[in-house]
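Engineer: Supplied in structure tokens, the structure appears directly below.
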Amino acid sequence: MESNTISVTTVQTTPYTDQKAGTSGLRKKVSVFKQENYLENFVQSIFDSLKDDEVHTKSLVLSGDGRYYNDIAIQKIAKMAAARGFGKVVIGQNGLLSTPAVSAVIRQLNKEVEGSCTGGIVLTASHNPGGENNDFGIKFNSSNGGPALENLTDAFFSRSKEISEYKYAELPEINLTEIHQENPVQVEGYEHEFIAEVISSTDIYVSLLKSLFDFDSIKALMARSDFNFAYDGMSGVAGPYARTIFEEELGVPAENLYGCDPSPDFEGGHPDPNLTYAENLVKVMGVTIKGANVATDTTPDFGAAADGDADRNMVLGKGFFITPSDSLAIITANHGAISYMKDITGVARSMPTSGAVDIVAKELGIDVYETPTGWKFFGNLLDADKIVICGEESFGTGSNHIREKDGIWAVLAWLSIIAHKNSETTEGNLVSAEQIVRDHWKKFGRNYYSRYDYENLETETADKIFETLESKMEQFRNEEEGNVADIFEYTDSVDGSSSKNQGWRFMYKDGSRFIFRKSGTGSSGATIRIYLESYNKDNTELETAEALKNLSEKALEYCEINEISGREGPTVIT
Ligand code: G6P
Ligand code: ZN
């Protein structure tokens with residue numbers, strides 16, 4: 001061994017049995033990740049599941065949303081990556097990259113040198129709270145920039161059950177605070193060099209977005225006296241991107257940006273952009289937790305919030321909540337306002353997302369795909385150019401520019417649409433976001449939509465609820481002519497893979513439906529989601545709760561959730 005060679009240490013370990021990834025990576029309490037070799041076992045399982053030629057000399061993007069344990073995990077994983085034979089790790093400054101930025105960086109590296117980047121490890125538990133007593137997470141994204149598909153995550157899990165050792169290189173600590181390249185090193189056992197590079201967290205992502213949207217027209221909108229914009233980064237990783245894009249590029253006053261300093265525990269908050277948890281923005285925008293309008297003259301005209309890793313978005317008009325399902329439909333209907341999306345082949349939504357976008361797709365004469373919950377299911381459709389826009393009810397919207405949902409992209413899409421609709425209006429006569437939504441409903445009809453979350457149920461309770469549902473499917477089918485009850489299954493039209501048990505569906509002939517799903521993103525207990533949807537072509541001005549009253553009663557009656565769980569109602573309603 002040459003004197004400047006970094007040695008590799010092999011550590012004996014025993015498997016953990018619970019390293020099965022959920023909807024989006026492995027998410028557990030920090031205390032779980034801190035167990036002896038827990039993180040190392042999982043990371044080594046990922047690395048072992050990749051072939052040598054996918055790893056040796058290749059780059060790995062490695063960063064996270066800045067939550068507690070982010071920096072410690074980065075140092076550990078970089079050492080393991082060097083020992084596995086990677087040629088390079090690419091890390092965002094201060095260990096920060098949003099989930100969409102990771103996707104953008106992976107794709108950019110592969111655009112520069114085809115096949116150079118194997119993928120990335122994203123350290124995030126997304127919208128779950130962070131801090132020492134809360135959640136941490138590890139997610140692997142593949143070379144297309146998208147979350148690993150099930151065959152790969154299954155391989156990680158299998159490997160984790162039989163792992164007996166892991167390896168790390170005795171690298172010096174990487175300086176995460178400065179944009180630079182560490183000195184290349186020779187790692188024992190390899191002929192190539194290993195290098196750690198710290199890049200700007202924002203540059204690649206911001207340039208990408210600037211290439212997609214007409215920043216000048218958005219800037220002109222921002223400059224209007226009758227338009228005021230507010231953004232809440234919820235103390236997650238969206239902050240640095242929001243400052244660069246909204247403040248520096250588009251001229252939004254700094255005081256309109258809230259929660260834009262990433263904090264390891266999200267300042268004690270729950271970084272999930274919905275009416276319950278995005279408390280601050282909801283108040284700023286003059287909306288109540290139930291979505292009612294309490295705006296005043298000084299309320300901003302448009303606002304948005306992101307989750308911890310900045311892939312989710314909630315958009316609000318002045319005193320007006322826009323559901324994610326409507327947002328997807330409206331972006332699709334107005335795709336022509338955004339030049340790179342002028343021609344669209346198709347769109348996709350997750351199954352529980354409302355059918356509002358289907359109605360638009362029909363009108364536009366484009367294809368629409370219904371996938372299981374989880375962004376990864378859009379990957380193949382995007383790669384095959386079957387779709388351009390996709391979205392989910394869970395506050396995720398995105399397009400073919402990357403392979404993750406993208407919180408800031410969604411805001412820019414909306415701002416582009418508002419700018420477009422106002423290209424000829426005079427100041428004082430702004431066509432508002434609310435007006436755009438109401439006009440949309442008038443044209444296409446309205447899919448009234450709501451989601452009830454019963455969080456943190458005992459696993460046995462949840463199982464019992466699903467058993468009850470299954471036992472009552474026949475009763476539902478017999479209740480009315482045309483009723484359908486089933487368990488959603490999906491076959492990917494690109495690779496033929498299939499996914500079962502993706503939601504218990506009760507659907508009426510007129511398209512109204514209630515659906516039950518077990519959340520795949522929790523870190524403890526079980527969360528049941530109930531999705532309610534009812535379409536009305538003509539009457540689009542009802543209160544959501546009123547429009548869904550009967551359906552909601554039916555749904556609760558069918559699943560007996562309150563009776564079985566002893567709860568009085570949902571933890572969160574959106
Ligand atoms: C993550 C994924 C989304 C998915 C959501 C579902 O955020 O990135 O694609 O829609 O989880 O969460 P759930 O808790 O309903 O499984
Ligand atoms: Zn997220």
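Identifiers in the structure tokens: chain A, B, ... in order shown; residue index from 1 per chain; ligand index from 1 in order shown.
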I need the residues in stretch 33-113 of chain A that are alpha helix (DSSP H) according to DSSP; give them as JSON, numbers by chain.
Structural biologist: {"A": [33, 38, 39, 40, 41, 42, 43, 44, 45, 46, 47, 48, 49, 52, 53, 54, 55, 70, 71, 72, 73, 74, 75, 76, 77, 78, 79, 80, 81, 82, 83, 84, 99, 100, 101, 102, 103, 104, 105, 106, 107, 108, 109, 110, 111, 112]}
Engineer: Using C-alpha atoms, can you export the residues from the last selection as a CSV table (one decimal), in the first residue's frame?
Structural biologist:
chain,number,residue,atom,x,y,z
A,33,PHE,CA,-30.9,5.4,13.1
A,38,TYR,CA,-28.2,0.9,11.8
A,39,LEU,CA,-27.5,3.6,9.2
A,40,GLU,CA,-24.4,1.8,8.0
A,41,ASN,CA,-26.3,-1.5,7.5
A,42,PHE,CA,-28.9,0.2,5.4
A,43,VAL,CA,-26.4,2.2,3.3
A,44,GLN,CA,-24.2,-0.8,2.7
A,45,SER,CA,-27.3,-2.7,1.7
A,46,ILE,CA,-28.0,-0.1,-1.0
A,47,PHE,CA,-24.4,-0.1,-2.1
A,48,ASP,CA,-24.3,-4.0,-2.2
A,49,SER,CA,-27.4,-4.0,-4.4
A,52,ASP,CA,-19.7,-2.9,-9.5
A,53,ASP,CA,-19.8,-1.2,-12.9
A,54,GLU,CA,-22.6,1.1,-11.7
A,55,VAL,CA,-20.4,2.2,-8.8
A,70,ASN,CA,-27.9,15.3,8.2
A,71,ASP,CA,-24.3,16.3,8.6
A,72,ILE,CA,-23.2,13.3,10.6
A,73,ALA,CA,-24.9,10.9,8.1
A,74,ILE,CA,-23.2,12.6,5.2
A,75,GLN,CA,-19.7,12.1,6.6
A,76,LYS,CA,-20.4,8.5,7.4
A,77,ILE,CA,-21.9,7.8,4.0
A,78,ALA,CA,-19.1,9.5,2.1
A,79,LYS,CA,-16.6,7.3,3.8
A,80,MET,CA,-18.7,4.2,2.9
A,81,ALA,CA,-19.1,5.4,-0.7
A,82,ALA,CA,-15.3,5.7,-1.1
A,83,ALA,CA,-14.9,2.2,0.3
A,84,ARG,CA,-17.5,0.9,-2.2
A,99,THR,CA,-35.2,16.6,-3.2
A,100,PRO,CA,-35.9,18.3,-6.5
A,101,ALA,CA,-32.4,19.7,-6.6
A,102,VAL,CA,-30.9,16.2,-6.0
A,103,SER,CA,-32.9,15.0,-9.0
A,104,ALA,CA,-31.7,18.0,-11.1
A,105,VAL,CA,-28.1,17.5,-10.1
A,106,ILE,CA,-28.1,13.8,-10.9
A,107,ARG,CA,-29.6,14.6,-14.3
A,108,GLN,CA,-27.2,17.4,-15.0
A,109,LEU,CA,-24.2,15.3,-14.2
A,110,ASN,CA,-25.4,12.6,-16.6
A,111,LYS,CA,-26.1,15.3,-19.2
A,112,GLU,CA,-22.5,16.5,-18.9
Engineer: Go through chain A and flag each residue having an atom no more than 8 Å from ligand 2; for those, report the closest pair of atoms plus their distance in Å to one decimal, using only C-alpha atoms and all ligand atoms, ordered by chain and rising number, as a Markdown table.
Structural biologist:
| residue | atom | partner | partner_atom_place_in_ligand_line | distance |
| --- | --- | --- | --- | --- |
| A:Thr99 | CA | ligand 2 | 1 (Zn) | 7.1 |
| A:Thr124 | CA | ligand 2 | 1 (Zn) | 7.8 |
| A:Ala125 | CA | ligand 2 | 1 (Zn) | 7.2 |
| A:Ser126 | CA | ligand 2 | 1 (Zn) | 3.6 |
| A:His127 | CA | ligand 2 | 1 (Zn) | 5.3 |
| A:Asp307 | CA | ligand 2 | 1 (Zn) | 5.5 |
| A:Gly308 | CA | ligand 2 | 1 (Zn) | 6.0 |
| A:Asp309 | CA | ligand 2 | 1 (Zn) | 4.8 |
| A:Ala310 | CA | ligand 2 | 1 (Zn) | 5.8 |
| A:Asp311 | CA | ligand 2 | 1 (Zn) | 4.7 |
| A:Arg312 | CA | ligand 2 | 1 (Zn) | 5.3 |
Engineer: Could you tell me, counting only C-alpha atoms and all ligand atoms, which protein and nucleic acid residues lie no more than 6 Å from ligand 1, written as a list in words?
Structural biologist: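 Written in the requested form, the residues are Thr23, Ser24, Thr373, Gly374, Trp375, Glu392, Ser394, Ser519, Gly520 and Thr521 of chain A.
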Engineer: Set the distance at 9 Å and use only C-alpha atoms: which residues neighbour stretch 331-338 of chain A once local chain neighbours fewer than 4 positions away are removed? I'd like the list as a list in words.
Structural biologist: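 So the residues in contact are Leu212, Phe213, Asp214, Asp326, Ser327, Lys342, Asp343, Ile344, Val347, Val357, Val360, Ala361, Glu363, Leu364, Ile389, Cys390, Ala410, Ala413, Trp414, Ser416, Ile417, Ala419, His420, Lys421 and His440 of chain A.
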Engineer: Using only C-alpha atoms, please write the residues we just selected to a file, as a short mmCIF file (atom, residue, chain, number, x, y, z; two decimals), in the first residue's frame.
Structural biologist:
data_model
loop_
_atom_site.label_atom_id
_atom_site.label_comp_id
_atom_site.auth_asym_id
_atom_site.auth_seq_id
_atom_site.Cartn_x
_atom_site.Cartn_y
_atom_site.Cartn_z
CA LEU A 212 -38.21 26.52 -18.08
CA PHE A 213 -40.09 29.64 -17.07
CA ASP A 214 -40.27 33.17 -18.37
CA ASP A 326 -57.41 21.20 -8.66
CA SER A 327 -53.94 22.66 -8.90
CA LYS A 342 -46.85 23.90 -24.97
CA ASP A 343 -47.02 20.39 -26.42
CA ILE A 344 -48.02 17.76 -23.95
CA VAL A 347 -50.61 13.62 -17.73
CA VAL A 357 -57.30 16.44 -14.37
CA VAL A 360 -59.11 18.43 -18.63
CA ALA A 361 -57.13 15.70 -20.39
CA GLU A 363 -60.94 18.06 -23.40
CA LEU A 364 -57.33 18.46 -24.53
CA ILE A 389 -47.17 16.85 -16.07
CA CYS A 390 -48.07 14.76 -13.04
CA ALA A 410 -45.41 24.35 -8.90
CA ALA A 413 -46.12 27.30 -12.83
CA TRP A 414 -48.92 29.10 -10.99
CA SER A 416 -46.69 31.93 -14.92
CA ILE A 417 -50.38 31.21 -15.31
CA ALA A 419 -48.95 36.39 -15.26
CA HIS A 420 -50.33 35.03 -18.52
CA LYS A 421 -53.95 35.66 -17.53
CA HIS A 440 -61.99 26.52 -14.27
#
Engineer: Quick check for you: according to DSSP on this backbone, which residues of stretch 239-345 of chain A are classed as strand (DSSP E)? Reply as a list in words.
Structural biologist: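 DSSP on the backbone gives strand (DSSP E) at Leu257, Tyr258, Phe302, Gly303, Ala304, Ala305, Ala306, Asn313, Met314, Val315, Leu316, Gly317, Phe320 and Phe321 of chain A.
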Engineer: Take the residues from that selection and write them out as a compact mmCIF listing (two decimals), in the first residue's frame, keeping C-alpha atoms.
Structural biologist:
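The result, written out as again.txt:
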# COMPACT_ATOMS: atom_id res chain seq x y z
CA LEU A 257 -40.51 35.07 2.77
CA TYR A 258 -41.19 33.15 5.95
CA PHE A 302 -50.93 34.49 -3.81
CA GLY A 303 -48.97 32.37 -1.39
CA ALA A 304 -47.27 29.02 -1.15
CA ALA A 305 -45.51 26.75 1.31
CA ALA A 306 -43.10 23.85 0.99
CA ASN A 313 -46.32 22.59 -2.30
CA MET A 314 -49.50 24.13 -1.04
CA VAL A 315 -50.76 27.09 -3.03
CA LEU A 316 -53.27 29.59 -1.73
CA GLY A 317 -55.05 32.51 -3.27
CA PHE A 320 -58.66 30.88 -0.83
CA PHE A 321 -57.38 27.31 -0.56
Engineer: To one decimal in Å, tell me the separation between atom CA of A:Ser59 and atom CA of A:Gln35.
Structural biologist: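 According to the coordinates, atom CA of A:Ser59 and atom CA of A:Gln35 are separated by 28.1 Å.
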Engineer: Write out as an mmCIF file with N, CA and C atoms, in the first residue's frame each polymer residue whose atoms come within 12 Å of A:Ile174, counting only C-alpha atoms; drop sequence neighbours fewer than 3 positions from it.
Structural biologist:
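For reference, selection_30.cif as written:
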data_model
loop_
_atom_site.group_PDB
_atom_site.id
_atom_site.type_symbol
_atom_site.label_atom_id
_atom_site.label_comp_id
_atom_site.auth_asym_id
_atom_site.auth_seq_id
_atom_site.Cartn_x
_atom_site.Cartn_y
_atom_site.Cartn_z
ATOM 1 N N ASP A 71 -25.733 16.141 8.772
ATOM 2 C CA ASP A 71 -24.291 16.295 8.563
ATOM 3 C C ASP A 71 -23.515 15.064 9.018
ATOM 4 N N ILE A 72 -23.949 14.469 10.105
ATOM 5 C CA ILE A 72 -23.247 13.273 10.601
ATOM 6 C C ILE A 72 -23.382 12.139 9.593
ATOM 7 N N ALA A 73 -24.619 11.989 9.087
ATOM 8 C CA ALA A 73 -24.866 10.915 8.116
ATOM 9 C C ALA A 73 -24.049 11.138 6.842
ATOM 10 N N ILE A 74 -23.932 12.377 6.418
ATOM 11 C CA ILE A 74 -23.177 12.650 5.187
ATOM 12 C C ILE A 74 -21.723 12.193 5.330
ATOM 13 N N GLN A 75 -21.114 12.521 6.452
ATOM 14 C CA GLN A 75 -19.707 12.123 6.642
ATOM 15 C C GLN A 75 -19.571 10.595 6.632
ATOM 16 N N LYS A 76 -20.491 9.932 7.305
ATOM 17 C CA LYS A 76 -20.419 8.464 7.356
ATOM 18 C C LYS A 76 -20.608 7.862 5.968
ATOM 19 N N ILE A 77 -21.612 8.372 5.252
ATOM 20 C CA ILE A 77 -21.945 7.766 3.958
ATOM 21 C C ILE A 77 -20.844 8.043 2.926
ATOM 22 N N ALA A 78 -20.244 9.239 3.010
ATOM 23 C CA ALA A 78 -19.145 9.550 2.076
ATOM 24 C C ALA A 78 -18.010 8.542 2.258
ATOM 25 N N LYS A 79 -17.705 8.231 3.506
ATOM 26 C CA LYS A 79 -16.620 7.268 3.776
ATOM 27 C C LYS A 79 -16.973 5.886 3.216
ATOM 28 N N VAL A 89 -18.188 11.817 -4.580
ATOM 29 C CA VAL A 89 -19.476 12.193 -3.993
ATOM 30 C C VAL A 89 -19.658 13.682 -4.214
ATOM 31 N N VAL A 90 -20.876 14.047 -4.579
ATOM 32 C CA VAL A 90 -21.205 15.449 -4.841
ATOM 33 C C VAL A 90 -22.195 15.887 -3.776
ATOM 34 N N ILE A 91 -21.785 16.884 -2.992
ATOM 35 C CA ILE A 91 -22.574 17.278 -1.817
ATOM 36 C C ILE A 91 -22.963 18.748 -1.940
ATOM 37 N N GLY A 92 -24.182 19.081 -1.602
ATOM 38 C CA GLY A 92 -24.596 20.489 -1.592
ATOM 39 C C GLY A 92 -23.943 21.203 -0.413
ATOM 40 N N GLN A 93 -23.704 22.497 -0.580
ATOM 41 C CA GLN A 93 -23.065 23.270 0.482
ATOM 42 C C GLN A 93 -23.848 23.101 1.790
ATOM 43 N N ASN A 94 -23.143 22.941 2.861
ATOM 44 C CA ASN A 94 -23.728 22.683 4.184
ATOM 45 C C ASN A 94 -24.567 21.408 4.214
ATOM 46 N N GLY A 95 -24.309 20.539 3.257
ATOM 47 C CA GLY A 95 -25.039 19.264 3.208
ATOM 48 C C GLY A 95 -26.463 19.410 2.726
ATOM 49 N N GLU A 170 -11.033 5.424 5.562
ATOM 50 C CA GLU A 170 -10.634 6.336 6.655
ATOM 51 C C GLU A 170 -10.361 7.742 6.098
ATOM 52 N N LEU A 171 -11.371 8.317 5.475
ATOM 53 C CA LEU A 171 -11.229 9.655 4.888
ATOM 54 C C LEU A 171 -11.181 10.718 5.972
ATOM 55 N N THR A 177 -18.883 23.295 4.602
ATOM 56 C CA THR A 177 -19.361 24.682 4.568
ATOM 57 C C THR A 177 -18.907 25.449 3.338
ATOM 58 N N GLU A 178 -17.813 25.004 2.721
ATOM 59 C CA GLU A 178 -17.331 25.763 1.566
ATOM 60 C C GLU A 178 -17.474 25.007 0.256
ATOM 61 N N ILE A 179 -17.796 25.774 -0.777
ATOM 62 C CA ILE A 179 -17.882 25.184 -2.107
ATOM 63 C C ILE A 179 -16.451 24.917 -2.570
ATOM 64 N N HIS A 180 -16.114 23.672 -2.751
ATOM 65 C CA HIS A 180 -14.725 23.339 -3.105
ATOM 66 C C HIS A 180 -14.633 21.847 -3.430
ATOM 67 N N GLN A 181 -13.457 21.450 -3.879
ATOM 68 C CA GLN A 181 -13.188 20.017 -4.012
ATOM 69 C C GLN A 181 -12.143 19.644 -2.989
ATOM 70 N N GLU A 182 -12.388 18.570 -2.296
ATOM 71 C CA GLU A 182 -11.355 18.061 -1.388
ATOM 72 C C GLU A 182 -10.224 17.483 -2.253
ATOM 73 N N ASN A 183 -9.065 17.284 -1.659
ATOM 74 C CA ASN A 183 -7.977 16.661 -2.414
ATOM 75 C C ASN A 183 -8.369 15.238 -2.807
ATOM 76 N N PRO A 184 -8.088 14.885 -4.034
ATOM 77 C CA PRO A 184 -8.384 13.502 -4.436
ATOM 78 C C PRO A 184 -7.552 12.527 -3.601
ATOM 79 N N ILE A 195 -12.913 11.480 -4.932
ATOM 80 C CA ILE A 195 -12.913 12.905 -4.611
ATOM 81 C C ILE A 195 -14.276 13.312 -4.049
ATOM 82 N N ALA A 196 -14.229 14.203 -3.090
ATOM 83 C CA ALA A 196 -15.489 14.742 -2.557
ATOM 84 C C ALA A 196 -15.600 16.178 -3.040
ATOM 85 N N GLU A 197 -16.738 16.515 -3.631
ATOM 86 C CA GLU A 197 -16.928 17.876 -4.120
ATOM 87 C C GLU A 197 -18.133 18.499 -3.438
ATOM 88 N N VAL A 198 -17.952 19.721 -2.948
ATOM 89 C CA VAL A 198 -19.075 20.446 -2.349
ATOM 90 C C VAL A 198 -19.495 21.519 -3.351
#
Engineer: Fewer than 2 positions away in the same chain doesn't count, so skip those; otherwise give me all residues within 12 Å of A:Val32, counting only C-alpha atoms, as a ChimeraX atom specification.
Structural biologist: /A:16,18-19,26-30,34-39,42,69,132-137,523-524
Engineer: For N, CA and C atoms, I'd like the residues from the last selection saved as a PDB file, in the first residue's frame.
Structural biologist:
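Output contents, as saved in result-v3.pdb:
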ATOM      1  N   TYR A  16     -30.576  -5.887  10.883  1.00  0.00           N
ATOM      2  CA  TYR A  16     -31.832  -5.439  11.497  1.00  0.00           C
ATOM      3  C   TYR A  16     -32.936  -5.964  10.594  1.00  0.00           C
ATOM      4  N   ASP A  18     -35.980  -4.542  10.208  1.00  0.00           N
ATOM      5  CA  ASP A  18     -37.045  -3.571   9.908  1.00  0.00           C
ATOM      6  C   ASP A  18     -36.618  -2.503   8.896  1.00  0.00           C
ATOM      7  N   GLN A  19     -35.660  -2.850   8.024  1.00  0.00           N
ATOM      8  CA  GLN A  19     -35.181  -1.807   7.122  1.00  0.00           C
ATOM      9  C   GLN A  19     -35.907  -1.830   5.781  1.00  0.00           C
ATOM     10  N   LEU A  26     -36.448   4.910   3.559  1.00  0.00           N
ATOM     11  CA  LEU A  26     -36.513   4.383   4.925  1.00  0.00           C
ATOM     12  C   LEU A  26     -36.635   5.560   5.892  1.00  0.00           C
ATOM     13  N   ARG A  27     -37.737   5.584   6.633  1.00  0.00           N
ATOM     14  CA  ARG A  27     -37.939   6.679   7.592  1.00  0.00           C
ATOM     15  C   ARG A  27     -38.153   6.112   8.973  1.00  0.00           C
ATOM     16  N   LYS A  28     -37.351   6.587   9.914  1.00  0.00           N
ATOM     17  CA  LYS A  28     -37.456   6.096  11.291  1.00  0.00           C
ATOM     18  C   LYS A  28     -37.096   7.245  12.214  1.00  0.00           C
ATOM     19  N   LYS A  29     -37.364   7.031  13.480  1.00  0.00           N
ATOM     20  CA  LYS A  29     -36.930   7.989  14.483  1.00  0.00           C
ATOM     21  C   LYS A  29     -35.400   8.070  14.449  1.00  0.00           C
ATOM     22  N   VAL A  30     -34.897   9.244  14.799  1.00  0.00           N
ATOM     23  CA  VAL A  30     -33.449   9.427  14.872  1.00  0.00           C
ATOM     24  C   VAL A  30     -32.840   8.372  15.806  1.00  0.00           C
ATOM     25  N   LYS A  34     -29.748   5.861  15.168  1.00  0.00           N
ATOM     26  CA  LYS A  34     -28.534   5.950  15.977  1.00  0.00           C
ATOM     27  C   LYS A  34     -28.125   4.614  16.590  1.00  0.00           C
ATOM     28  N   GLN A  35     -28.961   3.590  16.429  1.00  0.00           N
ATOM     29  CA  GLN A  35     -28.568   2.283  16.962  1.00  0.00           C
ATOM     30  C   GLN A  35     -27.295   1.818  16.260  1.00  0.00           C
ATOM     31  N   GLU A  36     -26.565   0.973  16.947  1.00  0.00           N
ATOM     32  CA  GLU A  36     -25.279   0.559  16.413  1.00  0.00           C
ATOM     33  C   GLU A  36     -25.399   0.004  14.988  1.00  0.00           C
ATOM     34  N   ASN A  37     -24.663   0.601  14.078  1.00  0.00           N
ATOM     35  CA  ASN A  37     -24.574   0.160  12.679  1.00  0.00           C
ATOM     36  C   ASN A  37     -25.882   0.232  11.895  1.00  0.00           C
ATOM     37  N   TYR A  38     -26.901   0.865  12.453  1.00  0.00           N
ATOM     38  CA  TYR A  38     -28.206   0.860  11.772  1.00  0.00           C
ATOM     39  C   TYR A  38     -28.125   1.565  10.425  1.00  0.00           C
ATOM     40  N   LEU A  39     -27.608   2.790  10.472  1.00  0.00           N
ATOM     41  CA  LEU A  39     -27.479   3.562   9.231  1.00  0.00           C
ATOM     42  C   LEU A  39     -26.512   2.859   8.283  1.00  0.00           C
ATOM     43  N   PHE A  42     -27.947  -0.132   6.451  1.00  0.00           N
ATOM     44  CA  PHE A  42     -28.870   0.185   5.352  1.00  0.00           C
ATOM     45  C   PHE A  42     -28.110   0.735   4.147  1.00  0.00           C
ATOM     46  N   TYR A  69     -29.054  15.242  12.222  1.00  0.00           N
ATOM     47  CA  TYR A  69     -28.303  14.042  11.817  1.00  0.00           C
ATOM     48  C   TYR A  69     -27.847  14.099  10.368  1.00  0.00           C
ATOM     49  N   GLU A 132     -33.852  15.737  17.301  1.00  0.00           N
ATOM     50  CA  GLU A 132     -33.336  14.555  17.969  1.00  0.00           C
ATOM     51  C   GLU A 132     -34.408  13.521  18.306  1.00  0.00           C
ATOM     52  N   ASN A 133     -35.610  13.984  18.630  1.00  0.00           N
ATOM     53  CA  ASN A 133     -36.666  13.042  19.012  1.00  0.00           C
ATOM     54  C   ASN A 133     -37.635  12.727  17.890  1.00  0.00           C
ATOM     55  N   ASN A 134     -37.310  13.201  16.700  1.00  0.00           N
ATOM     56  CA  ASN A 134     -38.229  12.964  15.584  1.00  0.00           C
ATOM     57  C   ASN A 134     -37.584  12.143  14.476  1.00  0.00           C
ATOM     58  N   ASP A 135     -37.962  12.431  13.230  1.00  0.00           N
ATOM     59  CA  ASP A 135     -37.617  11.488  12.164  1.00  0.00           C
ATOM     60  C   ASP A 135     -36.382  11.861  11.342  1.00  0.00           C
ATOM     61  N   PHE A 136     -35.772  10.811  10.845  1.00  0.00           N
ATOM     62  CA  PHE A 136     -34.701  10.924   9.879  1.00  0.00           C
ATOM     63  C   PHE A 136     -35.048   9.951   8.753  1.00  0.00           C
ATOM     64  N   GLY A 137     -34.408  10.110   7.623  1.00  0.00           N
ATOM     65  CA  GLY A 137     -34.726   9.195   6.532  1.00  0.00           C
ATOM     66  C   GLY A 137     -33.616   9.110   5.504  1.00  0.00           C
ATOM     67  N   SER A 523     -43.510   6.824  10.498  1.00  0.00           N
ATOM     68  CA  SER A 523     -42.350   6.132  11.058  1.00  0.00           C
ATOM     69  C   SER A 523     -42.762   5.280  12.248  1.00  0.00           C
ATOM     70  N   SER A 524     -43.995   5.429  12.695  1.00  0.00           N
ATOM     71  CA  SER A 524     -44.473   4.562  13.776  1.00  0.00           C
ATOM     72  C   SER A 524     -45.989   4.451  13.691  1.00  0.00           C
TER      73      SER A 524
END
Engineer: Identify, on the basis of only C-alpha atoms, every residue whose closest approach to stretch 455-460 of chain A does not exceed 7 Å; exclude the query and any residue fewer than 4 positions from it along the same chain; express the result as an NGL selection string.
Structural biologist: :A and (464 or 524-528 or 571)
Engineer: So which one's closest to A:Leu381, A:Gly496, A:Gly428, A:Gly407, A:Pro240? Using only C-alpha atoms, please.
Structural biologist: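 Residue with the minimum atom-to-atom distance to A:Leu381: A:Gly496.
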Engineer: May I ask for the distance between atom CA of A:Lys362 and atom CA of A:Ile436, given in Å to one decimal place?
Structural biologist: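 Answer for the atom CA of A:Lys362 to atom CA of A:Ile436 separation: 19.6 Å.
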Engineer: When distances are computed from only C-alpha atoms, which of A:Ser211, A:Asn478, A:Asn483, A:Thr468 shows the smallest separation from A:Ile561?
Structural biologist: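 Checking each of A:Ser211, A:Asn478, A:Asn483, A:Thr468 against A:Ile561, counting only C-alpha atoms, the winner is A:Thr468.
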Engineer: Rank A:Asn280, A:Asn536, A:Asn380, A:Ser160 by their smallest atom-to-atom distance to A:Ser142, using only C-alpha atoms, and report the top residue only.
Structural biologist: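 Checking each of A:Asn280, A:Asn536, A:Asn380, A:Ser160 against A:Ser142, counting only C-alpha atoms, the winner is A:Asn380.
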